[in-house]
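Quick notes on the structure that follows.
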Amino acid sequence: MFAATPLGAMTESGRNCRKTDVGVLYRTHRGVLCLMSGCALNEKEFFSCCQLLLQQSEHLRDGWSWEAVQGSEEGYLRKTVLRSVLADCYDAQKQTETASDSVSPVSAHPIQELQQQERTQPVVATCFHSDGIIGDDGDEDDAVCVLSEGSSHVLQYEYHILYSCSYSAPVLYFRAFTLEGRSLTLEDVWSSVHPNFRHCLQNSPLTAITQQEHPLLGQPFFMLHPCRTEEFMRPVLQEAQEQPRPVNYVLLWLSVVGPVVGLDVPLKYCTQLHLSSLQHSASDLMSSTVETGVRRFARKTCK
Amino acid sequence: MADDKDVLRDVWFGRIPTCFTLNQDEVTEREAEAYYLLLPRVSYLTLVTDKVKKHFLKVMRTEDVEEMWFEYEGTPLKWHYPIGVLFDLHASNSVLPWSITVHFKNFPDRDLLHCPSSSVIEAHFMSSIKEADALKHKSQVVNDMQKKDHKQLWMGLQNDKFDQFWAMNRKLMEYPTEEGGFRYIPFRIYQAMSDRPFIQKLFRPVSPEGNAYTLGDLLKEMYPAAITNDGEQKRYQVVIHGIEPLLETPLQWLSEHLSHPDNFLHICVVPTPSD
């Protein structure tokens with residue numbers, strides 16, 4: 001079913017897969033995908049999922065990089081994003097029209113992109129009603145502008161994806177600065193979370209955003225608490241198991257939690273995956289560049 | 001065992017005599033006297049220093065007062081670490097009382113978490129307890145507790161009530177007899193001279209053959225440099241609650257008796273003092 005390269009230990013049936021605690025690991029052309037039989041993720045699988053995400057990110061120029069800890073497999077994914085928050089009052093309807101496939105209330109660009117193109121994409125401003133919910137009854141008279149008219153702020157957001165061995169799940173850490181270097185406070189960060197998400201988060205403190213010490217850097221970051229991750233991943237993973245359909249746990253998780261804190265996960269990540277349809281043979285689908293990438297990846301990880 | 005219960009009390013009631021001095025660059029209306037206090041090893045700086053704040057506010061104008069923070073010999077002290085850990089890590093071999101400098105300006109927000117209220121300390125404390133139970137019992141025990149039980153743990157710590165705290169905490173220290181111990185041991189290893197704030201990884205208390213792992217086994221796996229080999233001079237001290245337990249001590253026993261109220265075993269590796 002899967003055209004694959006050897007992964008190491010072979011099962012009795014000789015297939016190119018390896019059984020782990022949480023599922024079966026398949027090596028395919030696109031790297032390693034995991035057919036989950038549970039909802040927990042171990043550290044090796046986290047690393048594999050991250051490397052796969054990294055490959056796709058490089059292809060899409062989405063700006064993710066891997067920061068290794070002292071030459072071990074331990075490390076984290078990292079991405080820096082510049083976002084501008086325009087201060088003009090902006091009514092809710094306009095916002096839903098211009099929002100494309102992303103959910104974030106402000107447009108975010110990987111740092112390289114913003115430097116190249118001035119501002120060709122529409123920048124959406126956040127605009128709050130006095131009760132904190134946007135556009136319920138479309139009553140524009142109640143809208144309150146957060147920033148003074150015409151001014152714009154550019155903020156630098158830094159996102160890290162780490163692995164939590166306590167919760168067997170990825171964790172999202174982030175921090176933000178103004179270009180002058182002032183750290184954003186928890187209040188600032190809350191106000192940049194889309195009002196719909198804010199409403200949900202406030203009622204559920206276990207998924208709330210809190211300030212925490214970064215476990216590898218020792219500096220203050222904001223964090224989305226991981227203790228509920230298994231809970232919300234389970235329905236999606238179970239569905240994938242039933243088909244069966246291999247998933248990239250980290251990508252799946254990121255597409256759920258990322259938008260809450262303004263981190264865009266372009267749909268193209270998934271389109272790439274589906275393109276490598278598992279019914280087709282490798283030679284039909286593979287472009288030479290991707291093949292080279294996979295061979296490089298296979299060389300690096302084959303031990 | 002009666003002896004083991006005594007250990008629990010000794011750990012809970014450990015104190016560090018501390019001298020708080022106001023940073024000399026703070027603007028005061030008159031000279032500020034030093035303030036002396038016995039700090040509980042198992043508590044947190046921002047939870048037990050209301051009196052310190054009141055004392056220094058007497059000589060300052062309100063406009064010169066921002067969020068209070070503490071520093072020892074130039075190092076900002078992380079309030080979210082237990083006090084005993086901060087002392088063992090930074091000042092274990094210095095003369096008592098522990099001299100801490102108090103600041104009300106220039107909060108170092110690249111180094112320290114903000115602590116605007118005691119509910120932040122409570123959230124942090126409960127978060128540690130939940131994480132510890134995720135490791136010990138896949139969160140089953142802590143999730144079976146009611147909200148009032150969680151509150152009892154926090155109130156016990158906040159009000160220094162040993163019995164109130166342990167009435168609830170003993171549930172978190174139980175395990176199925178056939179297992180021989182917890183699923184994984186909640187621990188953190190701190191080293192003063194390191195970029196990395198701590199080492200925390202998965203480690204089982206019992207081997208697949210059923211043998212109890214020791215403190216030495218943990219260090220060998222997580223921080224081998226801390227172990228002195230035969231014939232070598234001892235470079236490091238491995239300190240828990242201000243003492244150096246024997247490396248042969250079973251890890252499961254340490255986890256049950258020498259954990260902090262947050263249910264973590266906090267282990268400090270500090271250089272041996274050269275006299």
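Quick note on naming: the chains in the structure tokens go A, B, ... in the order shown, residues restart at 1 in each chain, and ligands are numbered from 1 in order of appearance.
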Fill in: Check: which chain B residues lie within 8 Å of chain A using only C-alpha atoms, as a list in words
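That gives the following set of residues: Asp109, Arg110, Asp111, Leu112, Leu113, His114, Glu131, Ala132, Ala134, Leu135, Asp195, Arg196, Pro197, Phe198, Lys201 and Leu202 of chain B.
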Discussion item. Based on the backbone DSSP call, show me all residues of stretch 44-269 of chain B assigned helix (DSSP H, G or I), as a PyMOL selection string.
Written reply: chain B and resi 45-48+50-57+62-64+83-90+118-137+140-144+147-158+162-172+215-222+224-226+251-257
Practice prompt. Mind checking which residues fall within 12 Å of B:Met193, counting only C-alpha atoms, ignoring those fewer than 2 positions away in the same chain, and posting them as a ChimeraX atom specification?
Written response: /B:75,89-90,190-191,195-198,236,268-271
Quick one: write out the picked residues with C-alpha atoms as a PDB file, in the first residue's frame?
ATOM      1  CA  THR B  75      20.611  37.600  39.752  1.00  0.00           C
ATOM      2  CA  LEU B  89      20.841  26.960  43.886  1.00  0.00           C
ATOM      3  CA  HIS B  90      22.281  30.438  44.456  1.00  0.00           C
ATOM      4  CA  TYR B 190      18.765  22.605  38.326  1.00  0.00           C
ATOM      5  CA  GLN B 191      22.326  23.724  37.691  1.00  0.00           C
ATOM      6  CA  ASP B 195      21.648  28.286  29.914  1.00  0.00           C
ATOM      7  CA  ARG B 196      19.047  25.627  30.313  1.00  0.00           C
ATOM      8  CA  PRO B 197      16.844  26.406  33.330  1.00  0.00           C
ATOM      9  CA  PHE B 198      16.353  22.747  34.339  1.00  0.00           C
ATOM     10  CA  TYR B 236      29.441  18.804  42.683  1.00  0.00           C
ATOM     11  CA  CYS B 268      19.996  21.311  42.786  1.00  0.00           C
ATOM     12  CA  VAL B 269      23.456  20.497  41.478  1.00  0.00           C
ATOM     13  CA  VAL B 270      25.923  23.051  42.810  1.00  0.00           C
ATOM     14  CA  PRO B 271      29.710  23.237  42.690  1.00  0.00           C
TER      15      PRO B 271
END
Discussion item. Just want the 12 Å neighbourhood of B:Thr62, counted on only C-alpha atoms, with same-chain residues fewer than 2 positions away dropped. Output as a count of residues only.
Written reply: 15
Discussion item. Please report the interatomic distance between atom CA of A:Gln70 and atom CA of B:Ser194 in Å with one decimal.
Written reply: 12.2 Å
Worksheet item: Can you tell me, as an NGL selection string, what residues are no more than 12 Å from B:Thr228 when counting only C-alpha atoms, ignoring any on the same chain fewer than 2 positions away?
Response: :B and (216 or 219-220 or 223-226 or 230-238 or 247 or 271-272)
Item to complete: For B:Ser43, work out the shell of residues within 7 Å, counting only C-alpha atoms and skipping chain neighbours fewer than 3 positions away, then give it as a PyMOL selection string.
Response: chain B and resi 40+82-83
Worksheet item: Quick one: distance from atom CA of A:Ser255 to atom CA of B:Ser128 in Å, one decimal?
Response: 27.0 Å
Fill in: d(atom CA of A:Phe47, atom CA of A:Arg83) in Å
28.3 Å
Worksheet entry | Selected residue of minimal separation from B:Ile16 among B:Glu256, B:Phe70, B:Asp88, B:Leu47, counting only C-alpha atoms |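 For B:Ile16, the nearest of the given residues is B:Asp88.
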